[in-house]
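Here is the file coords.cif (mmCIF, N, CA and C atoms).
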data_data
#
loop_
_atom_site.label_atom_id
_atom_site.label_comp_id
_atom_site.auth_asym_id
_atom_site.auth_seq_id
_atom_site.Cartn_x
_atom_site.Cartn_y
_atom_site.Cartn_z
N MET B 8 -3.68 -96.79 6.98
CA MET B 8 -3.03 -96.19 8.14
C MET B 8 -2.57 -94.80 7.77
N SER B 9 -2.89 -93.81 8.58
CA SER B 9 -2.47 -92.44 8.25
C SER B 9 -1.03 -92.23 8.69
N SER B 10 -0.34 -91.38 7.95
CA SER B 10 1.09 -91.20 8.18
C SER B 10 1.38 -90.57 9.54
N ASN B 11 0.42 -89.85 10.12
CA ASN B 11 0.72 -89.20 11.40
C ASN B 11 0.73 -90.19 12.57
N MET B 12 0.32 -91.45 12.32
CA MET B 12 0.36 -92.46 13.38
C MET B 12 1.76 -93.04 13.56
N LEU B 13 2.65 -92.78 12.60
CA LEU B 13 4.00 -93.32 12.65
C LEU B 13 4.91 -92.36 13.42
N SER B 14 5.49 -92.84 14.49
CA SER B 14 6.39 -92.02 15.29
C SER B 14 7.64 -91.71 14.47
N PRO B 15 8.13 -90.46 14.51
CA PRO B 15 9.29 -90.10 13.69
C PRO B 15 10.55 -90.89 14.05
N ASP B 16 10.64 -91.41 15.27
CA ASP B 16 11.84 -92.16 15.63
C ASP B 16 11.65 -93.67 15.51
N TYR B 17 10.55 -94.09 14.88
CA TYR B 17 10.29 -95.52 14.71
C TYR B 17 11.19 -96.11 13.64
N THR B 18 11.82 -97.22 13.98
CA THR B 18 12.58 -98.01 13.01
C THR B 18 12.18 -99.46 13.22
N PRO B 19 11.79 -100.16 12.16
CA PRO B 19 11.38 -101.55 12.30
C PRO B 19 12.51 -102.43 12.84
N THR B 20 12.14 -103.46 13.58
CA THR B 20 13.13 -104.43 14.07
C THR B 20 12.61 -105.84 13.83
N ASP B 21 13.49 -106.82 14.00
CA ASP B 21 13.10 -108.23 13.84
C ASP B 21 12.28 -108.71 15.03
N LYS B 22 12.19 -107.88 16.08
CA LYS B 22 11.48 -108.33 17.29
C LYS B 22 9.96 -108.20 17.16
N GLU B 23 9.49 -107.39 16.20
CA GLU B 23 8.04 -107.20 16.05
C GLU B 23 7.51 -108.08 14.93
N ALA B 24 6.19 -108.15 14.85
CA ALA B 24 5.55 -108.95 13.79
C ALA B 24 5.97 -108.42 12.43
N PHE B 25 6.47 -109.31 11.58
CA PHE B 25 6.96 -108.89 10.27
C PHE B 25 5.83 -108.31 9.43
N MET B 26 6.10 -107.14 8.85
CA MET B 26 5.17 -106.42 7.99
C MET B 26 3.83 -106.10 8.68
N ASN B 27 3.92 -105.77 9.96
CA ASN B 27 2.73 -105.25 10.65
C ASN B 27 2.42 -103.88 10.04
N PRO B 28 1.24 -103.30 10.31
CA PRO B 28 0.85 -102.04 9.66
C PRO B 28 1.86 -100.91 9.85
N MET B 29 2.49 -100.81 11.03
CA MET B 29 3.47 -99.74 11.23
C MET B 29 4.70 -99.95 10.34
N MET B 30 5.13 -101.19 10.24
CA MET B 30 6.30 -101.50 9.41
C MET B 30 5.97 -101.23 7.94
N GLN B 31 4.79 -101.62 7.50
CA GLN B 31 4.39 -101.34 6.11
C GLN B 31 4.38 -99.83 5.86
N GLU B 32 3.85 -99.09 6.80
CA GLU B 32 3.79 -97.63 6.64
C GLU B 32 5.20 -97.03 6.61
N PHE B 33 6.09 -97.54 7.44
CA PHE B 33 7.48 -97.08 7.46
C PHE B 33 8.09 -97.22 6.07
N PHE B 34 7.95 -98.41 5.48
CA PHE B 34 8.54 -98.65 4.15
C PHE B 34 7.79 -97.88 3.07
N ARG B 35 6.48 -97.73 3.21
CA ARG B 35 5.72 -96.96 2.22
C ARG B 35 6.23 -95.51 2.20
N GLN B 36 6.41 -94.92 3.38
CA GLN B 36 6.89 -93.54 3.46
C GLN B 36 8.31 -93.43 2.93
N ARG B 37 9.16 -94.40 3.27
CA ARG B 37 10.55 -94.37 2.85
C ARG B 37 10.65 -94.47 1.32
N LEU B 38 9.88 -95.38 0.74
CA LEU B 38 9.88 -95.56 -0.72
C LEU B 38 9.32 -94.32 -1.42
N THR B 39 8.26 -93.75 -0.87
CA THR B 39 7.64 -92.57 -1.46
C THR B 39 8.61 -91.38 -1.44
N ALA B 40 9.31 -91.20 -0.32
CA ALA B 40 10.27 -90.10 -0.20
C ALA B 40 11.42 -90.29 -1.19
N TRP B 41 11.90 -91.52 -1.32
CA TRP B 41 12.99 -91.83 -2.25
C TRP B 41 12.55 -91.54 -3.68
N ARG B 42 11.32 -91.93 -4.01
CA ARG B 42 10.77 -91.71 -5.35
C ARG B 42 10.69 -90.21 -5.65
N GLU B 43 10.19 -89.42 -4.68
CA GLU B 43 10.07 -87.97 -4.88
C GLU B 43 11.45 -87.33 -5.08
N GLU B 44 12.43 -87.81 -4.32
CA GLU B 44 13.79 -87.28 -4.44
C GLU B 44 14.36 -87.58 -5.84
N LEU B 45 14.14 -88.80 -6.33
CA LEU B 45 14.61 -89.16 -7.67
C LEU B 45 13.92 -88.32 -8.74
N LEU B 46 12.63 -88.11 -8.60
CA LEU B 46 11.90 -87.29 -9.58
C LEU B 46 12.41 -85.85 -9.57
N ARG B 47 12.68 -85.34 -8.37
CA ARG B 47 13.21 -83.98 -8.25
C ARG B 47 14.57 -83.89 -8.94
N GLU B 48 15.44 -84.88 -8.66
CA GLU B 48 16.78 -84.90 -9.28
C GLU B 48 16.70 -85.01 -10.79
N SER B 49 15.82 -85.89 -11.29
CA SER B 49 15.75 -86.06 -12.74
C SER B 49 15.16 -84.81 -13.38
N GLY B 50 14.31 -84.10 -12.67
CA GLY B 50 13.80 -82.82 -13.16
C GLY B 50 14.91 -81.81 -13.30
N LEU B 51 15.80 -81.79 -12.32
CA LEU B 51 16.95 -80.88 -12.37
C LEU B 51 17.88 -81.25 -13.51
N THR B 52 18.10 -82.55 -13.70
CA THR B 52 18.95 -83.04 -14.79
C THR B 52 18.40 -82.58 -16.13
N LEU B 53 17.10 -82.72 -16.30
CA LEU B 53 16.46 -82.33 -17.55
C LEU B 53 16.62 -80.83 -17.80
N GLN B 54 16.42 -80.02 -16.75
CA GLN B 54 16.59 -78.57 -16.87
C GLN B 54 18.01 -78.23 -17.30
N THR B 55 18.99 -78.87 -16.65
CA THR B 55 20.40 -78.62 -16.96
C THR B 55 20.68 -78.95 -18.41
N MET B 56 20.15 -80.11 -18.86
CA MET B 56 20.39 -80.52 -20.24
C MET B 56 19.74 -79.56 -21.23
N GLN B 57 18.59 -79.00 -20.86
CA GLN B 57 17.90 -78.09 -21.78
C GLN B 57 18.58 -76.72 -21.82
N THR B 58 19.14 -76.28 -20.68
CA THR B 58 19.73 -74.95 -20.65
C THR B 58 21.17 -74.94 -21.16
N THR B 59 21.84 -76.10 -21.13
CA THR B 59 23.22 -76.18 -21.61
C THR B 59 23.21 -76.29 -23.12
N SER B 60 23.84 -75.34 -23.76
CA SER B 60 23.88 -75.35 -25.22
C SER B 60 25.05 -76.19 -25.72
N VAL B 61 24.81 -76.91 -26.79
CA VAL B 61 25.87 -77.73 -27.39
C VAL B 61 26.58 -76.91 -28.47
N GLN B 62 26.23 -75.66 -28.60
CA GLN B 62 26.82 -74.81 -29.63
C GLN B 62 28.12 -74.17 -29.17
N GLU B 63 28.95 -74.96 -28.49
CA GLU B 63 30.25 -74.44 -28.06
C GLU B 63 31.17 -74.34 -29.28
N SER B 64 32.00 -73.31 -29.31
CA SER B 64 32.89 -73.14 -30.46
C SER B 64 34.09 -74.08 -30.36
N ASP B 65 34.55 -74.34 -29.17
CA ASP B 65 35.72 -75.18 -28.96
C ASP B 65 35.34 -76.66 -29.08
N ILE B 66 36.03 -77.38 -29.94
CA ILE B 66 35.73 -78.80 -30.16
C ILE B 66 35.92 -79.61 -28.88
N ALA B 67 36.94 -79.30 -28.11
CA ALA B 67 37.19 -80.02 -26.84
C ALA B 67 36.01 -79.79 -25.88
N ASP B 68 35.52 -78.54 -25.82
CA ASP B 68 34.36 -78.24 -24.96
C ASP B 68 33.15 -79.03 -25.42
N ARG B 69 32.96 -79.07 -26.74
CA ARG B 69 31.80 -79.76 -27.29
C ARG B 69 31.89 -81.25 -26.98
N ALA B 70 33.06 -81.83 -27.13
CA ALA B 70 33.26 -83.26 -26.84
C ALA B 70 33.01 -83.52 -25.36
N SER B 71 33.50 -82.63 -24.53
CA SER B 71 33.31 -82.76 -23.09
C SER B 71 31.82 -82.69 -22.74
N GLN B 72 31.12 -81.75 -23.39
CA GLN B 72 29.68 -81.62 -23.15
C GLN B 72 28.92 -82.85 -23.62
N GLU B 73 29.33 -83.39 -24.76
CA GLU B 73 28.66 -84.59 -25.27
C GLU B 73 28.82 -85.75 -24.30
N SER B 74 30.03 -85.92 -23.73
CA SER B 74 30.22 -87.03 -22.80
C SER B 74 29.43 -86.77 -21.51
N GLU B 75 29.32 -85.50 -21.11
CA GLU B 75 28.49 -85.17 -19.95
C GLU B 75 27.02 -85.51 -20.22
N ARG B 76 26.56 -85.19 -21.42
CA ARG B 76 25.16 -85.50 -21.79
C ARG B 76 24.92 -87.00 -21.78
N THR B 77 25.88 -87.75 -22.32
CA THR B 77 25.77 -89.21 -22.33
C THR B 77 25.66 -89.74 -20.91
N LEU B 78 26.50 -89.22 -20.03
CA LEU B 78 26.47 -89.62 -18.63
C LEU B 78 25.14 -89.25 -17.98
N GLU B 79 24.65 -88.03 -18.28
CA GLU B 79 23.36 -87.57 -17.76
C GLU B 79 22.24 -88.50 -18.21
N LEU B 80 22.26 -88.87 -19.49
CA LEU B 80 21.21 -89.75 -20.02
C LEU B 80 21.28 -91.13 -19.38
N ARG B 81 22.50 -91.62 -19.16
CA ARG B 81 22.66 -92.92 -18.51
C ARG B 81 22.12 -92.85 -17.08
N THR B 82 22.43 -91.75 -16.40
CA THR B 82 21.94 -91.54 -15.04
C THR B 82 20.41 -91.48 -15.04
N ARG B 83 19.85 -90.74 -15.99
CA ARG B 83 18.39 -90.65 -16.10
C ARG B 83 17.76 -92.02 -16.30
N ASP B 84 18.39 -92.85 -17.14
CA ASP B 84 17.89 -94.19 -17.42
C ASP B 84 17.91 -95.03 -16.14
N ARG B 85 19.00 -94.92 -15.38
CA ARG B 85 19.11 -95.64 -14.11
C ARG B 85 18.03 -95.17 -13.14
N GLU B 86 17.82 -93.84 -13.08
CA GLU B 86 16.79 -93.28 -12.20
C GLU B 86 15.41 -93.79 -12.60
N ARG B 87 15.15 -93.84 -13.90
CA ARG B 87 13.86 -94.29 -14.41
C ARG B 87 13.61 -95.75 -13.99
N LYS B 88 14.65 -96.59 -14.13
CA LYS B 88 14.52 -98.00 -13.74
C LYS B 88 14.30 -98.11 -12.23
N LEU B 89 14.99 -97.27 -11.47
CA LEU B 89 14.85 -97.27 -10.01
C LEU B 89 13.43 -96.86 -9.62
N ILE B 90 12.91 -95.82 -10.26
CA ILE B 90 11.54 -95.36 -9.97
C ILE B 90 10.55 -96.48 -10.27
N SER B 91 10.78 -97.20 -11.36
CA SER B 91 9.91 -98.32 -11.71
C SER B 91 9.96 -99.41 -10.63
N LYS B 92 11.16 -99.68 -10.08
CA LYS B 92 11.28 -100.67 -9.00
C LYS B 92 10.60 -100.18 -7.73
N ILE B 93 10.69 -98.87 -7.47
CA ILE B 93 10.03 -98.29 -6.29
C ILE B 93 8.52 -98.41 -6.45
N ASP B 94 8.01 -98.09 -7.65
CA ASP B 94 6.56 -98.22 -7.92
C ASP B 94 6.11 -99.65 -7.68
N SER B 95 6.91 -100.59 -8.14
CA SER B 95 6.59 -102.00 -7.97
C SER B 95 6.57 -102.37 -6.48
N ALA B 96 7.53 -101.86 -5.71
CA ALA B 96 7.57 -102.12 -4.26
C ALA B 96 6.34 -101.52 -3.58
N LEU B 97 5.94 -100.31 -3.98
CA LEU B 97 4.75 -99.67 -3.40
C LEU B 97 3.50 -100.49 -3.71
N ARG B 98 3.42 -101.04 -4.93
CA ARG B 98 2.28 -101.90 -5.27
C ARG B 98 2.28 -103.16 -4.41
N ARG B 99 3.49 -103.71 -4.15
CA ARG B 99 3.57 -104.91 -3.31
C ARG B 99 3.14 -104.61 -1.87
N ILE B 100 3.36 -103.37 -1.42
CA ILE B 100 2.88 -103.01 -0.08
C ILE B 100 1.35 -103.04 -0.08
N GLU B 101 0.75 -102.48 -1.14
CA GLU B 101 -0.72 -102.45 -1.25
C GLU B 101 -1.31 -103.86 -1.25
N THR B 102 -0.62 -104.80 -1.91
CA THR B 102 -1.15 -106.17 -2.02
C THR B 102 -0.62 -107.08 -0.91
N GLU B 103 0.11 -106.47 0.01
CA GLU B 103 0.70 -107.17 1.17
C GLU B 103 1.67 -108.27 0.78
N GLU B 104 2.34 -108.09 -0.36
CA GLU B 104 3.39 -109.03 -0.79
C GLU B 104 4.76 -108.46 -0.47
N TYR B 105 4.80 -107.19 -0.08
CA TYR B 105 6.08 -106.52 0.16
C TYR B 105 6.83 -107.17 1.33
N GLY B 106 8.14 -107.31 1.13
CA GLY B 106 8.98 -107.84 2.21
C GLY B 106 9.14 -109.34 2.18
N TYR B 107 8.45 -109.98 1.24
CA TYR B 107 8.56 -111.44 1.14
C TYR B 107 9.30 -111.80 -0.13
N CYS B 108 10.20 -112.78 -0.03
CA CYS B 108 11.03 -113.21 -1.14
C CYS B 108 10.17 -113.75 -2.29
N GLU B 109 10.45 -113.27 -3.51
CA GLU B 109 9.71 -113.73 -4.69
C GLU B 109 9.97 -115.20 -4.98
N ASP B 110 11.12 -115.72 -4.56
CA ASP B 110 11.46 -117.13 -4.81
C ASP B 110 10.86 -118.07 -3.77
N THR B 111 11.06 -117.71 -2.50
CA THR B 111 10.72 -118.66 -1.42
C THR B 111 9.45 -118.30 -0.66
N GLY B 112 9.03 -117.02 -0.76
CA GLY B 112 7.87 -116.58 0.01
C GLY B 112 8.21 -116.28 1.46
N GLU B 113 9.48 -116.48 1.83
CA GLU B 113 9.93 -116.21 3.20
C GLU B 113 10.16 -114.70 3.38
N PRO B 114 10.07 -114.21 4.64
CA PRO B 114 10.40 -112.80 4.88
C PRO B 114 11.83 -112.48 4.44
N ILE B 115 12.00 -111.36 3.78
CA ILE B 115 13.32 -110.94 3.30
C ILE B 115 14.20 -110.52 4.48
N GLY B 116 13.58 -109.95 5.50
CA GLY B 116 14.35 -109.51 6.67
C GLY B 116 14.40 -108.00 6.74
N VAL B 117 14.18 -107.49 7.95
CA VAL B 117 14.09 -106.05 8.17
C VAL B 117 15.39 -105.33 7.80
N GLY B 118 16.52 -105.89 8.22
CA GLY B 118 17.82 -105.24 7.95
C GLY B 118 18.06 -105.06 6.47
N ARG B 119 17.79 -106.11 5.71
CA ARG B 119 18.00 -106.04 4.25
C ARG B 119 17.05 -105.02 3.62
N LEU B 120 15.80 -104.97 4.08
CA LEU B 120 14.83 -104.02 3.52
C LEU B 120 15.19 -102.58 3.87
N ILE B 121 15.73 -102.37 5.06
CA ILE B 121 16.14 -101.01 5.43
C ILE B 121 17.30 -100.59 4.52
N ALA B 122 18.24 -101.52 4.28
CA ALA B 122 19.39 -101.21 3.43
C ALA B 122 18.99 -101.09 1.96
N ARG B 123 18.05 -101.92 1.52
CA ARG B 123 17.61 -101.93 0.11
C ARG B 123 16.11 -102.13 0.06
N PRO B 124 15.35 -101.03 0.21
CA PRO B 124 13.88 -101.14 0.29
C PRO B 124 13.21 -101.73 -0.94
N ILE B 125 13.93 -101.81 -2.08
CA ILE B 125 13.32 -102.37 -3.29
C ILE B 125 13.67 -103.85 -3.47
N ALA B 126 14.34 -104.45 -2.48
CA ALA B 126 14.74 -105.86 -2.58
C ALA B 126 13.50 -106.75 -2.77
N THR B 127 13.62 -107.72 -3.67
CA THR B 127 12.51 -108.66 -3.90
C THR B 127 12.93 -110.09 -3.55
N LEU B 128 14.22 -110.26 -3.23
CA LEU B 128 14.73 -111.59 -2.90
C LEU B 128 15.42 -111.55 -1.54
N SER B 129 15.34 -112.66 -0.81
CA SER B 129 16.11 -112.78 0.42
C SER B 129 17.59 -112.83 0.03
N ILE B 130 18.47 -112.63 1.00
CA ILE B 130 19.91 -112.66 0.70
C ILE B 130 20.28 -114.02 0.11
N GLU B 131 19.73 -115.10 0.68
CA GLU B 131 20.05 -116.45 0.19
C GLU B 131 19.62 -116.61 -1.28
N ALA B 132 18.39 -116.19 -1.59
CA ALA B 132 17.88 -116.31 -2.96
C ALA B 132 18.69 -115.42 -3.91
N GLN B 133 19.07 -114.22 -3.45
CA GLN B 133 19.87 -113.30 -4.26
C GLN B 133 21.22 -113.95 -4.59
N GLU B 134 21.85 -114.54 -3.57
CA GLU B 134 23.15 -115.19 -3.79
C GLU B 134 23.01 -116.37 -4.75
N ARG B 135 21.90 -117.11 -4.64
CA ARG B 135 21.65 -118.24 -5.53
C ARG B 135 21.54 -117.73 -6.98
N HIS B 136 20.77 -116.64 -7.16
CA HIS B 136 20.61 -116.05 -8.49
C HIS B 136 21.96 -115.61 -9.06
N GLU B 137 22.76 -114.95 -8.22
CA GLU B 137 24.06 -114.45 -8.69
C GLU B 137 24.99 -115.60 -9.06
N ARG B 138 24.95 -116.70 -8.27
CA ARG B 138 25.76 -117.88 -8.60
C ARG B 138 25.33 -118.47 -9.93
N MET B 139 24.01 -118.56 -10.15
CA MET B 139 23.49 -119.10 -11.42
C MET B 139 23.90 -118.21 -12.59
N GLU B 140 23.78 -116.88 -12.41
CA GLU B 140 24.18 -115.95 -13.48
C GLU B 140 25.65 -116.12 -13.81
N LYS B 141 26.48 -116.23 -12.75
CA LYS B 141 27.92 -116.38 -12.95
C LYS B 141 28.21 -117.68 -13.70
N THR B 142 27.53 -118.76 -13.34
CA THR B 142 27.72 -120.05 -14.00
C THR B 142 27.41 -119.93 -15.49
N TYR B 143 26.29 -119.27 -15.81
CA TYR B 143 25.92 -119.11 -17.22
C TYR B 143 26.89 -118.19 -17.95
N ARG B 144 27.39 -117.17 -17.27
CA ARG B 144 28.34 -116.24 -17.89
C ARG B 144 29.65 -116.95 -18.19
N ASP B 145 30.08 -117.84 -17.25
CA ASP B 145 31.39 -118.48 -17.40
C ASP B 145 31.39 -119.60 -18.44
N GLU B 146 30.21 -120.08 -18.84
CA GLU B 146 30.15 -121.19 -19.80
C GLU B 146 30.51 -120.74 -21.20
#
What do you get writing this file as structure tokens?
Amino acid sequence: MSSNMLSPDYTPTDKEAFMNPMMQEFFRQRLTAWREELLRESGLTLQTMQTTSVQESDIADRASQESERTLELRTRDRERKLISKIDSALRRIETEEYGYCEDTGEPIGVGRLIARPIATLSIEAQERHERMEKTYRDE
């Protein structure tokens, strides 16, 4: 489906066939735009880190810069993981698995996908996973 077939004011709803071609295209475009934005941001982060010198004379400045670098690297790592999840979601669109719960195979739901386009579990399955994780953590 070409991107120009998607109306700019189109938003998927629960009233239409789940994961019809227009809905798939909507999420494909949304995921692609999010991915490009993350890549642009991480590019800027890298530039900032390369241009900022750690050769500050003041120890407090140097310590402050080091903690900023640590935060930048943590942010970059989060962005990298997010990009990987976006890539995975885009592959699921290609294989027509996108939008379906990995646990139950049921539709995840349009509202949840709009809020979290990389979701792989329905809300029920997600809550089940979190309860299980909490149980194991508390033991």
*Applied to this file, what does the PyMOL selection byres ((chain B and resi 125) around 6) return in terms of residues, put as a VMD selection string?*
chain B and resid 92 96 123 to 124 126 to 127
*Which residues match the PyMOL selection byres ((chain B and resi 130) around 8) in the file above, as a ChimeraX atom specification?*
/B:108,114-116,119,127-129,131-136
*asked:* If the PyMOL selection byres (((chain B and resi 26-40 and name CA) around 7) and name CA) were run on this exact file, what residues would it hold? Put them as number ranges by chain.
replied: B: 13, 19, 24-25, 41-44, 93, 97, 100, 124
_Exercise: B:Ser49 partners within 8 Å, all atoms listed in the file, chain neighbours under 4 positions left out, as a list in words_ = Glu43, Glu44, Leu45, Leu53, Gln54, Thr55, Thr82, Arg83, Glu86 and Arg87 of chain B
*From a DSSP calculation on the backbone, collect every residue of chain B in alpha helix (DSSP H) and output the set as a VMD selection string.*
chain B and resid 28 to 58 66 to 101 117 to 122 130 to 145
*asked:* Rounded to one decimal, what separation in Å do you get between atom CA of B:Ile90 and atom CA of B:Thr77?
replied: 19.8 Å
Give, as AutoDock Vina command-line options, the centre coordinates and the x, y and z edge lengths in Å to one decimal for an axis-aligned box around all listed atoms of stretch 14-31 of chain B, padded by 5 Å on each side.
--center_x 7.2 --center_y -99.7 --center_z 11.6 --size_x 22.6 --size_y 29.2 --size_z 21.4
*So which one's closest to B:Leu89, B:Ala67, B:Gln72, B:Leu46, B:Asp16? Using only C-alpha atoms, please.*
B:Leu46
*Can you tell me how far atom C of B:Arg98 sits from atom C of B:Glu113, in Å to one decimal?*
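Interatomic distance here is 16.0 Å.
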_So the first atom is atom C of B:Tyr105 and the second is atom N of B:Val117; what is the distance between them in Å, to one decimal place?_
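One can read the atom C of B:Tyr105 to atom N of B:Val117 distance as 9.9 Å.
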